[in-house]
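File shown: start_4.cif (mmCIF, C-alpha atoms).
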```cif
data_structure
loop_
_atom_site.label_atom_id
_atom_site.label_comp_id
_atom_site.auth_asym_id
_atom_site.auth_seq_id
_atom_site.Cartn_x
_atom_site.Cartn_y
_atom_site.Cartn_z
CA MET B 1 -12.13 31.97 -11.16
CA PRO B 2 -11.00 29.61 -13.94
CA ASN B 3 -9.80 31.27 -17.12
CA ASN B 4 -12.32 29.31 -19.19
CA THR B 5 -15.13 30.93 -17.17
CA LYS B 6 -13.78 34.38 -17.95
CA ASN B 7 -13.58 33.32 -21.59
CA ASN B 8 -17.26 32.38 -21.43
CA PHE B 9 -18.08 35.86 -20.15
CA GLN B 10 -16.18 37.35 -23.08
CA LYS B 11 -18.18 35.12 -25.41
CA ASN B 12 -21.34 36.55 -23.85
CA TYR B 13 -20.28 40.06 -24.86
CA GLU B 14 -19.39 38.89 -28.35
CA GLU B 15 -22.80 37.25 -28.67
CA ILE B 16 -24.53 40.44 -27.51
CA LYS B 17 -22.59 42.42 -30.10
CA ARG B 18 -23.51 39.91 -32.78
CA SER B 19 -27.15 39.14 -31.93
CA GLY B 20 -28.33 41.80 -29.48
CA PHE B 21 -30.25 41.38 -26.25
CA GLU B 22 -33.23 39.13 -25.46
CA VAL B 23 -36.40 40.38 -23.81
CA ASP B 24 -37.99 38.20 -21.14
CA ASP B 25 -41.55 37.97 -22.46
CA LEU B 26 -42.89 36.39 -19.28
CA LEU B 27 -41.68 39.21 -17.05
CA ARG B 28 -42.73 41.83 -19.57
CA ASN B 29 -46.23 40.49 -20.23
CA SER B 30 -47.22 38.27 -17.27
CA PRO B 31 -44.95 38.94 -14.28
CA ASP B 32 -47.53 37.64 -11.82
CA CYS B 33 -48.59 34.63 -13.82
CA PRO B 34 -49.28 31.74 -11.40
CA VAL B 35 -46.69 29.01 -11.82
CA TYR B 36 -45.43 26.05 -9.86
CA GLY B 37 -41.87 24.79 -9.59
CA LEU B 38 -39.52 23.12 -7.12
CA ASN B 39 -35.88 24.02 -6.47
CA ILE B 40 -32.99 23.26 -4.17
CA ASN B 41 -31.38 26.54 -3.15
CA CYS B 42 -28.59 27.54 -0.81
CA ALA B 43 -29.76 31.12 -0.35
CA TRP B 44 -33.10 32.89 -0.72
CA PRO B 45 -32.31 35.73 -0.54
CA ILE B 46 -28.57 36.40 -0.81
CA PRO B 47 -27.26 36.36 2.80
CA GLU B 48 -27.79 39.39 5.00
CA ASN B 49 -24.13 40.38 5.31
CA LEU B 50 -24.10 41.07 1.54
CA LYS B 51 -27.42 42.93 1.47
CA LYS B 52 -25.95 46.44 1.72
CA ALA B 53 -23.54 45.80 -1.16
CA TYR B 54 -26.34 44.28 -3.21
CA GLU B 55 -28.67 47.20 -2.60
CA GLU B 56 -25.96 49.61 -3.80
CA LEU B 57 -25.51 47.51 -6.94
CA ARG B 58 -29.26 47.33 -7.49
CA LYS B 59 -29.54 51.10 -7.24
CA GLU B 60 -26.95 51.53 -9.97
CA LEU B 61 -28.48 48.89 -12.25
CA SER B 62 -31.90 50.46 -11.77
CA GLY B 63 -30.45 53.50 -13.56
CA PHE B 64 -31.11 51.61 -16.80
CA GLY B 65 -34.77 52.49 -16.24
CA ASP B 66 -37.69 50.54 -17.62
CA ASP B 67 -35.52 48.57 -20.04
CA VAL B 68 -34.76 46.17 -17.20
CA TYR B 69 -36.17 44.38 -14.18
CA VAL B 70 -33.65 44.32 -11.34
CA TYR B 71 -34.38 41.79 -8.61
CA PRO B 72 -35.17 43.25 -5.18
CA HIS B 73 -32.93 41.73 -2.52
CA GLU B 74 -35.74 39.50 -1.22
CA GLU B 75 -36.09 37.85 -4.64
CA THR B 76 -32.40 37.01 -5.09
CA HIS B 77 -31.50 33.34 -4.79
CA ILE B 78 -28.74 30.85 -5.49
CA THR B 79 -30.11 27.72 -7.12
CA ILE B 80 -28.25 24.48 -6.60
CA MET B 81 -30.59 22.67 -8.97
CA THR B 82 -34.04 22.98 -10.48
CA LEU B 83 -36.20 19.95 -9.73
CA VAL B 84 -39.40 21.04 -11.46
CA ASN B 85 -39.12 23.94 -13.89
CA PHE B 86 -41.85 26.52 -13.32
CA LYS B 87 -41.89 27.35 -17.05
CA ASN B 88 -43.47 23.95 -17.67
CA HIS B 89 -46.25 24.63 -15.17
CA LYS B 90 -47.88 27.99 -15.89
CA ASN B 91 -51.40 28.58 -14.56
CA PRO B 92 -51.31 25.16 -12.86
CA SER B 93 -54.44 23.47 -11.59
CA ILE B 94 -54.82 22.64 -7.89
CA GLU B 95 -54.36 18.98 -8.81
CA GLU B 96 -51.17 19.73 -10.72
CA ILE B 97 -49.74 21.66 -7.77
CA GLU B 98 -50.62 18.89 -5.34
CA GLU B 99 -49.06 16.24 -7.57
CA ILE B 100 -45.77 18.14 -7.65
CA LYS B 101 -45.87 19.13 -4.00
CA ASN B 102 -46.44 15.51 -2.99
CA LEU B 103 -42.93 14.75 -4.26
CA THR B 104 -41.45 16.83 -1.43
CA PRO B 105 -41.37 14.13 1.33
CA GLU B 106 -39.42 11.71 -0.88
CA ILE B 107 -37.12 14.49 -2.13
CA THR B 108 -36.48 15.50 1.49
CA LYS B 109 -35.67 11.91 2.47
CA ILE B 110 -33.26 11.44 -0.44
CA ILE B 111 -31.39 14.67 0.28
CA SER B 112 -31.28 13.92 4.01
CA ASP B 113 -29.86 10.43 3.34
CA VAL B 114 -27.16 11.88 1.06
CA LEU B 115 -26.21 14.59 3.57
CA HIS B 116 -26.09 12.21 6.52
CA ASN B 117 -24.49 9.25 4.77
CA ASP B 118 -22.72 9.71 1.41
CA LEU B 119 -21.56 13.28 2.13
CA LYS B 120 -21.56 13.13 5.93
CA ASP B 121 -17.98 14.32 6.34
CA LYS B 122 -17.86 16.48 3.21
CA ILE B 123 -20.75 18.94 3.57
CA LYS B 124 -20.32 21.43 6.41
CA PRO B 125 -21.02 25.19 6.44
CA PHE B 126 -19.02 26.50 3.49
CA LYS B 127 -17.77 29.75 2.04
CA ILE B 128 -18.83 31.30 -1.23
CA LYS B 129 -17.58 34.44 -2.94
CA VAL B 130 -20.10 36.54 -4.83
CA ASP B 131 -18.24 38.28 -7.63
CA SER B 132 -18.97 41.35 -9.74
CA PRO B 133 -21.98 41.03 -12.07
CA GLU B 134 -21.69 39.72 -15.59
CA LEU B 135 -23.92 40.24 -18.59
CA ALA B 136 -25.54 37.82 -21.02
CA ARG B 137 -28.05 38.38 -23.82
CA GLY B 138 -31.07 37.83 -21.61
CA ALA B 139 -29.90 38.63 -18.10
CA ALA B 140 -27.26 39.91 -15.72
CA PHE B 141 -26.02 37.58 -13.01
CA LEU B 142 -23.60 37.31 -10.12
CA PRO B 143 -20.93 34.63 -10.66
CA ILE B 144 -20.40 32.64 -7.46
CA SER B 145 -17.18 30.90 -6.48
CA ASN B 146 -17.34 27.85 -4.20
CA PRO B 147 -13.64 26.94 -3.88
CA THR B 148 -14.20 23.89 -1.65
CA GLY B 149 -16.76 22.47 -4.08
CA GLU B 150 -19.74 21.65 -1.86
CA ILE B 151 -22.34 22.84 -4.36
CA PHE B 152 -20.87 20.63 -7.07
CA LEU B 153 -20.70 17.66 -4.67
CA LEU B 154 -24.38 18.12 -3.87
CA ARG B 155 -25.35 18.36 -7.53
CA ASN B 156 -23.39 15.28 -8.52
CA ALA B 157 -24.64 13.21 -5.60
CA ILE B 158 -28.31 14.20 -5.49
CA ALA B 159 -29.36 14.74 -9.11
CA PRO B 160 -28.87 11.14 -10.38
CA ILE B 161 -30.82 9.70 -7.45
CA LEU B 162 -33.75 12.08 -7.91
CA GLU B 163 -33.79 11.42 -11.64
CA ASN B 164 -33.73 7.65 -11.21
CA LYS B 165 -36.14 7.33 -8.30
CA LEU B 166 -38.63 10.09 -9.09
CA SER B 167 -38.18 10.46 -12.87
CA LEU B 168 -37.45 14.17 -12.46
CA LYS B 169 -35.59 16.07 -15.14
CA ILE B 170 -33.04 17.92 -13.02
CA THR B 171 -31.39 21.00 -14.52
CA TYR B 172 -28.27 22.87 -13.42
CA ASN B 173 -25.05 24.16 -14.90
CA LYS B 174 -22.40 21.47 -14.51
CA ASP B 175 -19.48 23.84 -13.85
CA PHE B 176 -20.97 27.17 -12.89
CA VAL B 177 -22.85 28.71 -9.94
CA HIS B 178 -24.65 32.02 -10.24
CA SER B 179 -27.48 34.24 -9.04
CA THR B 180 -29.51 36.04 -11.71
CA ILE B 181 -30.23 39.65 -10.74
CA MET B 182 -31.58 41.41 -13.85
CA ARG B 183 -33.67 40.61 -16.92
CA PHE B 184 -34.73 42.65 -19.94
CA LEU B 185 -38.22 44.12 -20.33
CA LYS B 186 -37.28 46.11 -23.45
CA LEU B 187 -34.43 46.04 -25.93
CA PRO B 188 -31.90 48.79 -25.09
CA ALA B 189 -31.93 51.49 -27.76
CA ASP B 190 -28.12 51.59 -27.85
CA PRO B 191 -26.70 48.13 -26.98
CA GLU B 192 -23.07 49.25 -27.10
CA LYS B 193 -23.73 52.13 -24.73
CA PHE B 194 -25.64 49.76 -22.44
CA VAL B 195 -22.75 47.27 -22.36
CA ASN B 196 -20.18 49.96 -21.62
CA LYS B 197 -22.26 51.40 -18.80
CA PHE B 198 -22.84 47.93 -17.39
CA LYS B 199 -19.12 47.15 -17.42
CA ALA B 200 -18.40 50.39 -15.54
CA ILE B 201 -20.97 49.48 -12.89
CA ALA B 202 -19.74 45.90 -12.60
CA LYS B 203 -16.11 46.93 -12.20
CA ASN B 204 -16.89 48.71 -8.93
CA ASN B 205 -19.36 46.23 -7.45
CA PRO B 206 -18.04 42.89 -6.21
CA LEU B 207 -20.30 41.81 -3.36
CA GLY B 208 -17.88 39.81 -1.21
CA SER B 209 -17.81 36.52 0.70
CA THR B 210 -20.33 34.80 2.94
CA THR B 211 -20.99 31.47 4.64
CA ILE B 212 -23.72 29.05 3.61
CA ASP B 213 -25.00 27.06 6.59
CA GLU B 214 -28.22 25.59 5.23
CA ILE B 215 -29.76 24.07 2.12
CA ILE B 216 -33.45 24.63 1.36
CA ILE B 217 -36.16 23.07 -0.77
CA THR B 218 -38.42 25.79 -2.11
CA ASP B 219 -41.47 25.93 -4.23
CA GLU B 220 -41.98 28.71 -6.76
CA THR B 221 -45.41 30.24 -7.28
CA ARG B 222 -44.46 33.36 -9.26
CA PRO B 223 -41.78 33.43 -11.98
CA TYR B 224 -38.13 33.62 -10.94
CA MET B 225 -38.73 33.02 -7.22
CA ARG B 226 -40.74 36.21 -6.89
CA ALA B 227 -43.05 34.23 -4.63
CA GLY B 228 -43.00 30.82 -2.99
CA GLU B 229 -42.14 29.22 0.31
CA ILE B 230 -39.49 27.13 1.98
CA LEU B 231 -40.73 23.54 2.16
CA HIS B 232 -37.77 22.11 4.07
CA THR B 233 -34.50 23.32 5.57
CA PHE B 234 -31.37 21.21 5.97
CA GLU B 235 -28.98 22.72 8.48
CA LEU B 236 -25.35 21.97 7.69
#
```
Show how you would write the structure in this file as structure tokens.
Amino acid sequence: MPNNTKNNFQKNYEEIKRSGFEVDDLLRNSPDCPVYGLNINCAWPIPENLKKAYEELRKELSGFGDDVYVYPHEETHITIMTLVNFKNHKNPSIEEIEEIKNLTPEITKIISDVLHNDLKDKIKPFKIKVDSPELARGAAFLPISNPTGEIFLLRNAIAPILENKLSLKITYNKDFVHSTIMRFLKLPADPEKFVNKFKAIAKNNPLGSTTIDEIIITDETRPYMRAGEILHTFEL
């Protein structure tokens, strides 16, 4: 993992120390609020060979009690890019959902063309490494290494086309891949104690490596991929 990424993690801890944690109001107040979003993911949930390690980590993180929401395994996901942000479409009308969902055939065609033409010889099943969890003000997440760079190739190739052709506002981190696994429902009473306990848990819980052999388009009907469906699968 690049040193600058580790430096960013250290900045996260410094920011927590300076400004405290952030509660996720949506999860705290309206966890089952109907929403609608579209995403391109490469895992939903985290692959099966890492499930046991994840469940052990989840059990430890759940020891923080009702301060936090820890994702069940089936809700974990690795987002390549967000096509339509669910936060902009809360309590959507049937017409709103249909308008967004109707974008799927053209999105599917664009991604298929990129995979079979522009990136034909570059995107095959690829390895990722799921590292020990890290902490930010509003969430805990699993940093993901993709040494051969397929996720970044996909982002760089697909996002501009979707933005230009469909006027979508694509969002993703330009140099980082992660899977969020925990959010805050309450502010921890003792932030320093929380951070120290989290670091102790994280130190002993790297998940390991796995192979990604498909890319999926998903919709999102409850916040943070707590519900939705796979709209299309691209086998690599």
*For stretch 25-40 of chain B, list every protein, DNA or RNA residue within 8 Å, evaluated using all atoms listed in the file, and leave out those in the same chain fewer than 5 positions away; present the list as a PyMOL selection string.*
chain B and resi 79-87+89-92+97+100+185-186+215-223
_Show me, as a ChimeraX atom specification, the residues that have an atom within 7 Å of B:Met182 when counting only C-alpha atoms, minus same-chain residues fewer than 6 positions from it._
/B:68-71,139-141
*Where does the PyMOL selection byres ((chain B and resi 142) around 9) land in this file, that is, which residues does it pick, as a ChimeraX atom specification?*
/B:130-135,140-141,143-144,177-181,206-207
*So how many Å separate atom CA of B:Ile111 and atom CA of B:Ala227, to one decimal?*
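Result for atom CA of B:Ile111 versus atom CA of B:Ala227: 23.3 Å, one decimal.
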*Quick one: everything within 12 Å of B:Phe152, counting all atoms listed in the file, minus sequence neighbours fewer than 5 positions away in the same chain. Send it as a list in words.*
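That gives Thr79, Ile80, Met81, Leu119, Lys122, Ile123, Ser145, Asn146, Pro147, Ala157, Ile158, Ala159, Tyr172, Asn173, Lys174, Asp175, Phe176 and Val177 of chain B.
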Long-range neighbours of B:Pro45 as a PDB file with C-alpha atoms, in the coordinates of the input, 9 Å cut-off, all atoms listed in the file, 4 positions minimum in chain:
```pdb
ATOM      1  CA  LYS B  51     -27.420  42.930   1.470  1.00  0.00           C
ATOM      2  CA  HIS B  73     -32.930  41.730  -2.520  1.00  0.00           C
ATOM      3  CA  GLU B  74     -35.740  39.500  -1.220  1.00  0.00           C
ATOM      4  CA  GLU B  75     -36.090  37.850  -4.640  1.00  0.00           C
ATOM      5  CA  THR B  76     -32.400  37.010  -5.090  1.00  0.00           C
ATOM      6  CA  HIS B  77     -31.500  33.340  -4.790  1.00  0.00           C
ATOM      7  CA  ILE B  78     -28.740  30.850  -5.490  1.00  0.00           C
TER       8      ILE B  78
END
```
*Could you please determine the separation between atom CA of B:Thr210 and atom CA of B:Ile151 in Å, to one decimal place?*
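One can read the atom CA of B:Thr210 to atom CA of B:Ile151 distance as 14.2 Å.
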*Report the distance between atom CA of B:Thr211 and atom CA of B:Leu153 in Å, rounded to one decimal place.*
16.7 Å
*Closest to B:Ser209 among B:Gln10, B:Asn49, B:Asn41, B:Ser19, using only C-alpha atoms?*
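Among the listed residues, B:Asn49 lies closest to B:Ser209.
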*asked:* Between B:Met225, B:Leu57, B:Val23, B:Ile107, which residue has the minimum interatomic distance to B:Ala200, considering all atoms listed in the file?
replied: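 Using all atoms listed in the file, the shortest distance to B:Ala200 belongs to B:Leu57.
Among B:Lys52, B:Gly20, B:Glu60, B:Gly138, the residue with the shortest atom-to-atom distance to B:Lys203, counting only C-alpha atoms, is B:Glu60.
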*Near B:Ile161, within 10 Å and counting all atoms listed in the file, which residues show up once chain neighbours fewer than 4 positions away are dropped, as a PyMOL selection string?*
chain B and resi 107+110-111+114+156-157+165-168
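Counting only C-alpha atoms and comparing B:Cys42, B:Ile212, B:Leu231, B:Ala136, the residue that lies closest to B:Phe21 is B:Ala136.
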Please write the residues picked by the PyMOL selection byres ((chain B and resi 64) around 12) on this file as a PDB file with C-alpha atoms, in the coordinates of the input.
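The file below, part_14.pdb, is the result:
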```pdb
ATOM      1  CA  ARG B  58     -29.260  47.330  -7.490  1.00  0.00           C
ATOM      2  CA  LYS B  59     -29.540  51.100  -7.240  1.00  0.00           C
ATOM      3  CA  GLU B  60     -26.950  51.530  -9.970  1.00  0.00           C
ATOM      4  CA  LEU B  61     -28.480  48.890 -12.250  1.00  0.00           C
ATOM      5  CA  SER B  62     -31.900  50.460 -11.770  1.00  0.00           C
ATOM      6  CA  GLY B  63     -30.450  53.500 -13.560  1.00  0.00           C
ATOM      7  CA  GLY B  65     -34.770  52.490 -16.240  1.00  0.00           C
ATOM      8  CA  ASP B  66     -37.690  50.540 -17.620  1.00  0.00           C
ATOM      9  CA  ASP B  67     -35.520  48.570 -20.040  1.00  0.00           C
ATOM     10  CA  VAL B  68     -34.760  46.170 -17.200  1.00  0.00           C
ATOM     11  CA  TYR B  69     -36.170  44.380 -14.180  1.00  0.00           C
ATOM     12  CA  VAL B  70     -33.650  44.320 -11.340  1.00  0.00           C
ATOM     13  CA  MET B 182     -31.580  41.410 -13.850  1.00  0.00           C
ATOM     14  CA  ARG B 183     -33.670  40.610 -16.920  1.00  0.00           C
ATOM     15  CA  PHE B 184     -34.730  42.650 -19.940  1.00  0.00           C
ATOM     16  CA  LEU B 185     -38.220  44.120 -20.330  1.00  0.00           C
ATOM     17  CA  LYS B 186     -37.280  46.110 -23.450  1.00  0.00           C
ATOM     18  CA  LEU B 187     -34.430  46.040 -25.930  1.00  0.00           C
ATOM     19  CA  PRO B 188     -31.900  48.790 -25.090  1.00  0.00           C
ATOM     20  CA  ALA B 189     -31.930  51.490 -27.760  1.00  0.00           C
ATOM     21  CA  ASP B 190     -28.120  51.590 -27.850  1.00  0.00           C
ATOM     22  CA  PRO B 191     -26.700  48.130 -26.980  1.00  0.00           C
ATOM     23  CA  LYS B 193     -23.730  52.130 -24.730  1.00  0.00           C
ATOM     24  CA  PHE B 194     -25.640  49.760 -22.440  1.00  0.00           C
ATOM     25  CA  VAL B 195     -22.750  47.270 -22.360  1.00  0.00           C
ATOM     26  CA  LYS B 197     -22.260  51.400 -18.800  1.00  0.00           C
ATOM     27  CA  PHE B 198     -22.840  47.930 -17.390  1.00  0.00           C
ATOM     28  CA  ILE B 201     -20.970  49.480 -12.890  1.00  0.00           C
TER      29      ILE B 201
END
```
